[in-house]
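> Contents of data_32.pdb (PDB, C-alpha atoms) are below:
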```pdb
ATOM      1  CA  MET A 961      11.277  -1.759 -14.350
ATOM      2  CA  LEU A 962       8.005  -2.013 -12.455
ATOM      3  CA  ILE A 963       7.277   0.809  -9.982
ATOM      4  CA  ALA A 964       4.301   0.520  -7.654
ATOM      5  CA  HIS A 965       2.625   1.941  -4.540
ATOM      6  CA  ASP A 966      -0.109   0.638  -2.190
ATOM      7  CA  TRP A 967      -2.779  -1.183  -4.269
ATOM      8  CA  GLY A 968      -0.280  -1.156  -7.103
ATOM      9  CA  ALA A 969       2.287  -2.713  -4.780
ATOM     10  CA  VAL A 970       0.035  -5.729  -4.230
ATOM     11  CA  ALA A 971      -0.363  -6.056  -8.003
ATOM     12  CA  ALA A 972       3.398  -5.676  -8.510
ATOM     13  CA  TRP A 973       4.273  -8.422  -6.022
ATOM     14  CA  GLY A 974       1.781 -10.653  -7.820
ATOM     15  CA  ALA A 975       3.068  -9.727 -11.284
ATOM     16  CA  ALA A 976       6.680 -10.404 -10.275
ATOM     17  CA  GLY A 977       5.775 -13.776  -8.814
ATOM     18  CA  HIS A 978       3.518 -14.947 -11.630
ATOM     19  CA  ALA A 979       5.383 -13.529 -14.648
ATOM     20  CA  PRO A 980       9.002 -12.999 -13.575
ATOM     21  CA  GLU A 981      10.263 -13.000 -17.156
ATOM     22  CA  ARG A 982       8.465  -9.712 -17.855
ATOM     23  CA  TRP A 983      10.458  -7.648 -15.351
ATOM     24  CA  ARG A 984      14.101  -6.980 -14.512
ATOM     25  CA  ARG A 985      13.766  -4.829 -11.411
ATOM     26  CA  LEU A 986      11.052  -3.471  -9.153
ATOM     27  CA  ALA A 987      10.617  -0.440  -6.916
ATOM     28  CA  VAL A 988       7.818  -0.921  -4.401
ATOM     29  CA  LEU A 989       6.578   1.685  -1.941
ATOM     30  CA  ASN A 990       4.759   1.301   1.369
ATOM     31  CA  ILE A 991       3.296  -2.221   1.123
ATOM     32  CA  PRO A 992       5.857  -4.950   1.902
ATOM     33  CA  PRO A 993       5.931  -8.520   0.574
ATOM     34  CA  PHE A 994       2.998 -10.664   1.670
ATOM     35  CA  GLN A 995       5.118 -12.546   4.207
ATOM     36  CA  ILE A 996       5.705  -9.345   6.186
ATOM     37  CA  PHE A 997       2.310  -7.789   5.422
ATOM     38  CA  GLY A 998       0.499 -10.889   6.691
ATOM     39  CA  ALA A 999       2.580 -11.151   9.844
ATOM     40  CA  ASN A1000       1.958  -7.465  10.617
ATOM     41  CA  LEU A1001      -1.719  -7.298   9.684
ATOM     42  CA  PHE A1002      -3.178  -8.452  12.988
ATOM     43  CA  SER A1003      -0.825  -6.672  15.350
ATOM     44  CA  TYR A1004      -2.733  -4.280  17.587
ATOM     45  CA  ALA A1005      -0.994  -1.218  16.123
ATOM     46  CA  GLN A1006      -1.865  -2.257  12.559
ATOM     47  CA  ILE A1007      -5.456  -3.145  13.433
ATOM     48  CA  LYS A1008      -5.893   0.461  14.543
ATOM     49  CA  ARG A1009      -4.380   1.735  11.302
ATOM     50  CA  SER A1010      -6.507  -0.658   9.224
ATOM     51  CA  PHE A1011      -9.837   0.183  10.872
ATOM     52  CA  TYR A1012     -11.247   1.189   7.490
ATOM     53  CA  PHE A1013     -10.988  -2.427   6.235
ATOM     54  CA  TRP A1014     -13.861  -3.265   8.571
ATOM     55  CA  PHE A1015     -15.536   0.145   8.587
ATOM     56  CA  PHE A1016     -16.010  -0.031   4.817
ATOM     57  CA  GLN A1017     -17.974  -3.280   5.217
ATOM     58  CA  MET A1018     -20.982  -1.271   6.485
ATOM     59  CA  ARG A1019     -22.378  -1.383   2.978
ATOM     60  CA  GLU A1020     -25.818   0.078   3.714
ATOM     61  CA  VAL A1021     -24.422   3.356   5.005
ATOM     62  CA  ILE A1022     -20.737   3.637   4.104
ATOM     63  CA  GLU A1023     -21.169   5.673   0.921
ATOM     64  CA  ASP A1024     -23.249   8.265   2.778
ATOM     65  CA  ILE A1025     -20.785   8.435   5.685
ATOM     66  CA  VAL A1026     -17.650   8.773   3.565
ATOM     67  CA  SER A1027     -19.166  11.304   1.138
ATOM     68  CA  ALA A1028     -20.706  13.515   3.855
ATOM     69  CA  ASP A1029     -19.516  17.133   4.105
ATOM     70  CA  ASN A1030     -17.687  17.008   0.784
ATOM     71  CA  PHE A1031     -15.863  13.773   1.626
ATOM     72  CA  ALA A1032     -14.519  15.075   4.947
ATOM     73  CA  PHE A1033     -13.585  11.478   5.790
ATOM     74  CA  ILE A1034     -11.015  11.571   2.968
ATOM     75  CA  ASP A1035      -9.484  14.752   4.408
ATOM     76  CA  GLU A1036      -9.089  13.077   7.779
ATOM     77  CA  ILE A1037      -7.728   9.724   6.660
ATOM     78  CA  TRP A1038      -5.254  11.369   4.258
ATOM     79  CA  ALA A1039      -4.004  13.487   7.179
ATOM     80  CA  ASP A1040      -3.580  10.317   9.251
ATOM     81  CA  TRP A1041      -1.690   8.540   6.485
ATOM     82  CA  SER A1042       0.673  11.401   5.595
ATOM     83  CA  PRO A1043       0.726  13.646   8.678
ATOM     84  CA  GLY A1044       2.066  17.125   8.108
ATOM     85  CA  TYR A1045       1.740  17.013   4.326
ATOM     86  CA  ASP A1046      -0.305  19.830   2.763
ATOM     87  CA  ALA A1047      -2.663  17.997   0.397
ATOM     88  CA  THR A1048      -4.536  21.136  -0.707
ATOM     89  CA  GLU A1049      -3.832  20.421  -4.378
ATOM     90  CA  ASP A1050      -4.330  16.640  -4.177
ATOM     91  CA  LEU A1051      -7.568  16.227  -2.250
ATOM     92  CA  PRO A1052      -9.898  18.026  -4.710
ATOM     93  CA  LEU A1053      -8.738  15.603  -7.420
ATOM     94  CA  VAL A1054      -9.433  12.607  -5.188
ATOM     95  CA  LYS A1055     -12.884  13.917  -4.319
ATOM     96  CA  GLU A1056     -13.696  14.702  -7.935
ATOM     97  CA  CYS A1057     -12.895  11.110  -8.846
ATOM     98  CA  LEU A1058     -14.929   9.653  -5.970
ATOM     99  CA  SER A1059     -17.897  11.898  -6.815
ATOM    100  CA  ASN A1060     -18.553   9.590  -9.752
ATOM    101  CA  PRO A1061     -20.729   6.817  -8.220
ATOM    102  CA  GLY A1062     -19.097   4.146 -10.365
ATOM    103  CA  HIS A1063     -15.625   5.174  -9.259
ATOM    104  CA  PHE A1064     -16.710   5.375  -5.619
ATOM    105  CA  GLN A1065     -18.278   1.911  -5.611
ATOM    106  CA  THR A1066     -15.260   0.462  -7.411
ATOM    107  CA  ALA A1067     -12.928   1.873  -4.750
ATOM    108  CA  LEU A1068     -15.061   0.467  -1.948
ATOM    109  CA  GLY A1069     -15.482  -2.778  -3.875
ATOM    110  CA  TYR A1070     -11.766  -3.457  -3.517
ATOM    111  CA  TYR A1071     -12.223  -3.632   0.252
ATOM    112  CA  TRP A1072     -15.461  -5.565   0.005
ATOM    113  CA  ALA A1073     -13.722  -8.241  -2.051
ATOM    114  CA  GLN A1074     -10.299  -8.320  -0.360
ATOM    115  CA  PHE A1075     -11.350  -8.042   3.269
ATOM    116  CA  ASP A1076     -14.699  -9.792   3.594
ATOM    117  CA  PRO A1077     -14.991 -10.055   7.412
ATOM    118  CA  THR A1078     -16.593 -13.498   7.197
ATOM    119  CA  ARG A1079     -13.386 -14.856   5.615
ATOM    120  CA  MET A1080     -10.554 -12.443   6.329
ATOM    121  CA  GLY A1081      -7.685 -14.084   8.207
ATOM    122  CA  SER A1082      -9.005 -17.602   7.679
ATOM    123  CA  PRO A1083      -6.742 -20.304   6.230
ATOM    124  CA  ALA A1084      -8.678 -20.149   2.940
ATOM    125  CA  TRP A1085      -8.315 -16.351   2.735
ATOM    126  CA  THR A1086      -4.620 -16.538   3.547
ATOM    127  CA  GLU A1087      -4.062 -19.201   0.886
ATOM    128  CA  GLU A1088      -5.865 -17.104  -1.725
ATOM    129  CA  GLN A1089      -3.850 -13.994  -0.888
ATOM    130  CA  GLU A1090      -0.587 -15.885  -0.863
ATOM    131  CA  SER A1091      -1.293 -17.458  -4.244
ATOM    132  CA  ALA A1092      -2.199 -14.037  -5.679
ATOM    133  CA  TRP A1093       0.734 -11.972  -4.440
ATOM    134  CA  GLY A1094       2.855 -14.069  -2.105
ATOM    135  CA  LEU A1095       4.853 -16.148  -4.584
ATOM    136  CA  PRO A1096       8.674 -15.939  -4.443
ATOM    137  CA  VAL A1097      10.145 -12.826  -6.063
ATOM    138  CA  SER A1098      13.594 -13.404  -7.558
ATOM    139  CA  HIS A1099      14.174  -9.873  -8.893
ATOM    140  CA  PRO A1100      16.283  -7.146  -7.349
ATOM    141  CA  VAL A1101      13.773  -4.887  -5.607
ATOM    142  CA  LEU A1102      14.033  -1.447  -4.032
ATOM    143  CA  TYR A1103      11.577  -1.175  -1.139
ATOM    144  CA  LEU A1104      10.883   2.234   0.438
ATOM    145  CA  HIS A1105       8.770   2.908   3.536
ATOM    146  CA  GLY A1106       8.124   6.144   5.426
ATOM    147  CA  THR A1107       8.562   6.548   9.162
ATOM    148  CA  GLN A1108       5.313   8.554   9.312
ATOM    149  CA  ASP A1109       3.199   6.095   7.308
ATOM    150  CA  GLY A1110      -0.146   6.026   9.086
ATOM    151  CA  CYS A1111      -1.661   3.469   6.705
ATOM    152  CA  HIS A1112       0.671   0.500   7.021
ATOM    153  CA  GLY A1113       3.327   0.816   9.677
ATOM    154  CA  LEU A1114       6.641  -1.021   9.672
ATOM    155  CA  ASN A1115       9.459  -0.642  12.151
ATOM    156  CA  GLU A1116      13.140  -0.519  11.250
ATOM    157  CA  GLU A1117      13.679  -4.248  11.767
ATOM    158  CA  GLN A1118      10.754  -5.157   9.512
ATOM    159  CA  VAL A1119      12.032  -2.860   6.760
ATOM    160  CA  LYS A1120      15.487  -4.438   7.057
ATOM    161  CA  GLU A1121      13.868  -7.879   6.697
ATOM    162  CA  VAL A1122      12.232  -7.068   3.337
ATOM    163  CA  PRO A1123      15.258  -7.960   1.128
ATOM    164  CA  THR A1124      15.488 -11.427   2.717
ATOM    165  CA  HIS A1125      12.257 -12.314   0.886
ATOM    166  CA  LEU A1126      13.469 -10.986  -2.472
ATOM    167  CA  GLY A1127      16.122 -11.467  -5.125
ATOM    168  CA  GLU A1128      19.820 -10.793  -4.853
ATOM    169  CA  GLY A1129      20.676  -7.104  -4.960
ATOM    170  CA  SER A1130      17.464  -6.038  -3.238
ATOM    171  CA  GLU A1131      17.529  -3.010  -0.962
ATOM    172  CA  SER A1132      15.159  -1.499   1.570
ATOM    173  CA  GLU A1133      15.096   1.874   3.250
ATOM    174  CA  LEU A1134      13.039   3.488   5.988
ATOM    175  CA  ILE A1135      12.763   7.142   4.980
ATOM    176  CA  GLU A1136      12.608   9.590   7.838
ATOM    177  CA  GLY A1137       9.767  12.075   8.018
ATOM    178  CA  VAL A1138       7.548  10.932   5.153
ATOM    179  CA  GLY A1139       4.157   9.286   5.276
ATOM    180  CA  HIS A1140       2.151   7.007   3.037
ATOM    181  CA  PHE A1141       2.086   9.329   0.019
ATOM    182  CA  MET A1142       5.835   9.799  -0.211
ATOM    183  CA  LEU A1143       5.676  10.181  -3.995
ATOM    184  CA  VAL A1144       3.853  13.496  -3.678
ATOM    185  CA  GLU A1145       5.477  14.518  -0.404
ATOM    186  CA  ARG A1146       9.061  14.366  -1.716
ATOM    187  CA  PRO A1147       8.930  13.585  -5.434
ATOM    188  CA  GLU A1148      12.496  14.602  -6.274
ATOM    189  CA  GLU A1149      14.010  12.571  -3.442
ATOM    190  CA  ILE A1150      11.935   9.444  -4.111
ATOM    191  CA  ASN A1151      12.405   9.591  -7.885
ATOM    192  CA  GLY A1152      16.113  10.114  -7.365
ATOM    193  CA  ARG A1153      16.332   7.071  -5.136
ATOM    194  CA  ILE A1154      14.530   4.955  -7.741
ATOM    195  CA  LEU A1155      16.764   6.212 -10.559
ATOM    196  CA  GLU A1156      19.843   5.479  -8.479
ATOM    197  CA  PHE A1157      18.641   1.897  -7.987
ATOM    198  CA  LEU A1158      17.833   1.554 -11.691
ATOM    199  CA  GLY A1159      21.331   2.743 -12.529
ATOM    200  CA  LYS A1160      22.769  -0.292 -10.767
ATOM    201  CA  ALA A1161      21.215  -2.630 -13.328
TER     202      ALA A1161
END
```
Can you dump the structure from the file as structure tokens?

Amino acid sequence: MLIAHDWGAVAAWGAAGHAPERWRRLAVLNIPPFQIFGANLFSYAQIKRSFYFWFFQMREVIEDIVSADNFAFIDEIWADWSPGYDATEDLPLVKECLSNPGHFQTALGYYWAQFDPTRMGSPAWTEEQESAWGLPVSHPVLYLHGTQDGCHGLNEEQVKEVPTHLGEGSESELIEGVGHFMLVERPEEINGRILEFLGKA
């Protein structure tokens, strides 16, 4: 079984599409299949959530801005993405990782490569993204999304649509009261849901 979240979700959709024989089931959290992601990406509500895609393109100054005041930007964006969650134990680990210049530039490099503003949204960009992680997925997939996700927002109808793009036996659930980092917000509940799905194999 392949279990993935956020950046890992994009990789998992691609892995399932390109090498379906390597997996039996998937559990994917917070980033829907490309068909739904792409349709949602340029809605006004999602543009506001995804401001950092474009903000991070300010390459001359972005490292100084994000790292200022002990990475205060990370405190704020984490709070936006998982509102109400106490990340006191998590945030020092994130900041320690980003304090390494190589790690920091690699994290920003993901956005520089994926969301180049001179190409993002163009037919060529869309084709590249679709070929990377938008191929058909024939596996049973469990998709979970939080109602308080401030990073990528989906409504109830969009979450219900997810299984229509996936293999037979797929399920989706909008989980009340959790944000983007549901794995650390409610680990027992989320792990239990995944194990329940795995038990249906």
> What residues have an atom no more than 12 Å from (8.4, 12.5, 1.8) in the file's own frame, counting only C-alpha atoms, and can you write them as a PyMOL selection string?
chain A and resi 989-990+1041-1046+1104-1109+1134-1151+1153
> Excluding same-chain residues fewer than 4 positions from Ala964 in chain A, what lies within 7 Å of it counting only C-alpha atoms, as a list of chain:residue names?
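Everything that qualifies: A:Gly968, A:Ala969, A:Ala972, A:Ala987, A:Val988, A:Leu989.
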> May I have the residues within 12 Å of Ala1005 in chain A as a ChimeraX atom specification, using all atoms listed in the file and disregarding those fewer than 5 positions away in the same chain?
/A:1000,1010-1011,1110-1115
> Which residue is closest to Glu1056 in chain A? Choose from A:Ser1027, A:Gln1118, A:Trp973, A:Val1021 and count all atoms listed in the file.
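For Glu1056 in chain A, the nearest of the given residues is A:Ser1027.
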> Apply the PyMOL selection byres ((chain A and resi 1033) around 12) to the displayed file and report the matching residues as a list in words.
Tyr1012, Phe1015, Phe1016, Ile1022, Glu1023, Asp1024, Ile1025, Val1026, Ser1027, Ala1028, Asp1029, Asn1030, Phe1031, Ala1032, Ile1034, Asp1035, Glu1036, Ile1037, Trp1038, Ala1039, Asp1040, Leu1051, Val1054, Lys1055 and Leu1058 of chain A
> Restore N, CA and C atoms in range 1120-1150 of chain A and list the result as a PDB file, in the coordinates of the input.

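Dumped everything to out_30.pdb:
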```
ATOM      1  N   LYS A1120      14.227  -3.751   7.338  1.00  0.00           N
ATOM      2  CA  LYS A1120      15.487  -4.438   7.057  1.00  0.00           C
ATOM      3  C   LYS A1120      15.263  -5.877   6.603  1.00  0.00           C
ATOM      4  N   GLU A1121      14.168  -6.484   7.040  1.00  0.00           N
ATOM      5  CA  GLU A1121      13.868  -7.879   6.697  1.00  0.00           C
ATOM      6  C   GLU A1121      13.406  -8.039   5.251  1.00  0.00           C
ATOM      7  N   VAL A1122      12.847  -6.974   4.664  1.00  0.00           N
ATOM      8  CA  VAL A1122      12.232  -7.068   3.337  1.00  0.00           C
ATOM      9  C   VAL A1122      13.140  -7.746   2.309  1.00  0.00           C
ATOM     10  N   PRO A1123      14.421  -7.339   2.170  1.00  0.00           N
ATOM     11  CA  PRO A1123      15.258  -7.960   1.128  1.00  0.00           C
ATOM     12  C   PRO A1123      15.476  -9.458   1.303  1.00  0.00           C
ATOM     13  N   THR A1124      15.290  -9.984   2.507  1.00  0.00           N
ATOM     14  CA  THR A1124      15.488 -11.427   2.717  1.00  0.00           C
ATOM     15  C   THR A1124      14.424 -12.250   2.006  1.00  0.00           C
ATOM     16  N   HIS A1125      13.338 -11.615   1.606  1.00  0.00           N
ATOM     17  CA  HIS A1125      12.257 -12.314   0.886  1.00  0.00           C
ATOM     18  C   HIS A1125      12.351 -12.094  -0.622  1.00  0.00           C
ATOM     19  N   LEU A1126      13.397 -11.407  -1.077  1.00  0.00           N
ATOM     20  CA  LEU A1126      13.469 -10.986  -2.472  1.00  0.00           C
ATOM     21  C   LEU A1126      14.779 -11.425  -3.113  1.00  0.00           C
ATOM     22  N   GLY A1127      14.960 -11.038  -4.371  1.00  0.00           N
ATOM     23  CA  GLY A1127      16.122 -11.467  -5.125  1.00  0.00           C
ATOM     24  C   GLY A1127      17.402 -10.771  -4.697  1.00  0.00           C
ATOM     25  N   GLU A1128      18.504 -11.342  -5.149  1.00  0.00           N
ATOM     26  CA  GLU A1128      19.820 -10.793  -4.853  1.00  0.00           C
ATOM     27  C   GLU A1128      19.920  -9.353  -5.363  1.00  0.00           C
ATOM     28  N   GLY A1129      20.550  -8.503  -4.586  1.00  0.00           N
ATOM     29  CA  GLY A1129      20.676  -7.104  -4.960  1.00  0.00           C
ATOM     30  C   GLY A1129      19.533  -6.242  -4.484  1.00  0.00           C
ATOM     31  N   SER A1130      18.589  -6.816  -3.742  1.00  0.00           N
ATOM     32  CA  SER A1130      17.464  -6.038  -3.238  1.00  0.00           C
ATOM     33  C   SER A1130      17.911  -5.121  -2.101  1.00  0.00           C
ATOM     34  N   GLU A1131      17.226  -3.996  -1.995  1.00  0.00           N
ATOM     35  CA  GLU A1131      17.529  -3.010  -0.962  1.00  0.00           C
ATOM     36  C   GLU A1131      16.221  -2.535  -0.333  1.00  0.00           C
ATOM     37  N   SER A1132      16.317  -2.094   0.914  1.00  0.00           N
ATOM     38  CA  SER A1132      15.159  -1.499   1.570  1.00  0.00           C
ATOM     39  C   SER A1132      15.618  -0.298   2.382  1.00  0.00           C
ATOM     40  N   GLU A1133      14.731   0.655   2.527  1.00  0.00           N
ATOM     41  CA  GLU A1133      15.096   1.874   3.250  1.00  0.00           C
ATOM     42  C   GLU A1133      13.870   2.438   3.958  1.00  0.00           C
ATOM     43  N   LEU A1134      14.058   2.780   5.216  1.00  0.00           N
ATOM     44  CA  LEU A1134      13.039   3.488   5.988  1.00  0.00           C
ATOM     45  C   LEU A1134      13.376   4.973   5.891  1.00  0.00           C
ATOM     46  N   ILE A1135      12.480   5.737   5.267  1.00  0.00           N
ATOM     47  CA  ILE A1135      12.763   7.142   4.980  1.00  0.00           C
ATOM     48  C   ILE A1135      12.154   8.019   6.071  1.00  0.00           C
ATOM     49  N   GLU A1136      13.006   8.770   6.700  1.00  0.00           N
ATOM     50  CA  GLU A1136      12.608   9.590   7.838  1.00  0.00           C
ATOM     51  C   GLU A1136      11.690  10.734   7.413  1.00  0.00           C
ATOM     52  N   GLY A1137      10.601  10.890   8.160  1.00  0.00           N
ATOM     53  CA  GLY A1137       9.767  12.075   8.018  1.00  0.00           C
ATOM     54  C   GLY A1137       8.756  12.084   6.900  1.00  0.00           C
ATOM     55  N   VAL A1138       8.580  10.972   6.193  1.00  0.00           N
ATOM     56  CA  VAL A1138       7.548  10.932   5.153  1.00  0.00           C
ATOM     57  C   VAL A1138       6.475   9.923   5.523  1.00  0.00           C
ATOM     58  N   GLY A1139       5.281  10.157   5.002  1.00  0.00           N
ATOM     59  CA  GLY A1139       4.157   9.286   5.276  1.00  0.00           C
ATOM     60  C   GLY A1139       3.842   8.363   4.116  1.00  0.00           C
ATOM     61  N   HIS A1140       2.574   8.006   4.006  1.00  0.00           N
ATOM     62  CA  HIS A1140       2.151   7.007   3.037  1.00  0.00           C
ATOM     63  C   HIS A1140       2.264   7.500   1.603  1.00  0.00           C
ATOM     64  N   PHE A1141       2.073   8.789   1.382  1.00  0.00           N
ATOM     65  CA  PHE A1141       2.086   9.329   0.019  1.00  0.00           C
ATOM     66  C   PHE A1141       3.431   9.983  -0.289  1.00  0.00           C
ATOM     67  N   MET A1142       4.494   9.244  -0.063  1.00  0.00           N
ATOM     68  CA  MET A1142       5.835   9.799  -0.211  1.00  0.00           C
ATOM     69  C   MET A1142       6.108  10.316  -1.631  1.00  0.00           C
ATOM     70  N   LEU A1143       5.442   9.746  -2.612  1.00  0.00           N
ATOM     71  CA  LEU A1143       5.676  10.181  -3.995  1.00  0.00           C
ATOM     72  C   LEU A1143       5.267  11.626  -4.237  1.00  0.00           C
ATOM     73  N   VAL A1144       4.239  12.096  -3.525  1.00  0.00           N
ATOM     74  CA  VAL A1144       3.853  13.496  -3.678  1.00  0.00           C
ATOM     75  C   VAL A1144       4.458  14.363  -2.584  1.00  0.00           C
ATOM     76  N   GLU A1145       4.854  13.750  -1.479  1.00  0.00           N
ATOM     77  CA  GLU A1145       5.477  14.518  -0.404  1.00  0.00           C
ATOM     78  C   GLU A1145       6.894  14.967  -0.793  1.00  0.00           C
ATOM     79  N   ARG A1146       7.679  14.053  -1.337  1.00  0.00           N
ATOM     80  CA  ARG A1146       9.061  14.366  -1.716  1.00  0.00           C
ATOM     81  C   ARG A1146       9.386  13.731  -3.072  1.00  0.00           C
ATOM     82  N   PRO A1147       8.779  14.230  -4.120  1.00  0.00           N
ATOM     83  CA  PRO A1147       8.930  13.585  -5.434  1.00  0.00           C
ATOM     84  C   PRO A1147      10.372  13.530  -5.929  1.00  0.00           C
ATOM     85  N   GLU A1148      11.126  14.601  -5.762  1.00  0.00           N
ATOM     86  CA  GLU A1148      12.496  14.602  -6.274  1.00  0.00           C
ATOM     87  C   GLU A1148      13.358  13.576  -5.535  1.00  0.00           C
ATOM     88  N   GLU A1149      13.218  13.521  -4.226  1.00  0.00           N
ATOM     89  CA  GLU A1149      14.010  12.571  -3.442  1.00  0.00           C
ATOM     90  C   GLU A1149      13.660  11.126  -3.785  1.00  0.00           C
ATOM     91  N   ILE A1150      12.360  10.823  -3.857  1.00  0.00           N
ATOM     92  CA  ILE A1150      11.935   9.444  -4.111  1.00  0.00           C
ATOM     93  C   ILE A1150      12.295   9.030  -5.542  1.00  0.00           C
TER      94      ILE A1150
END
```
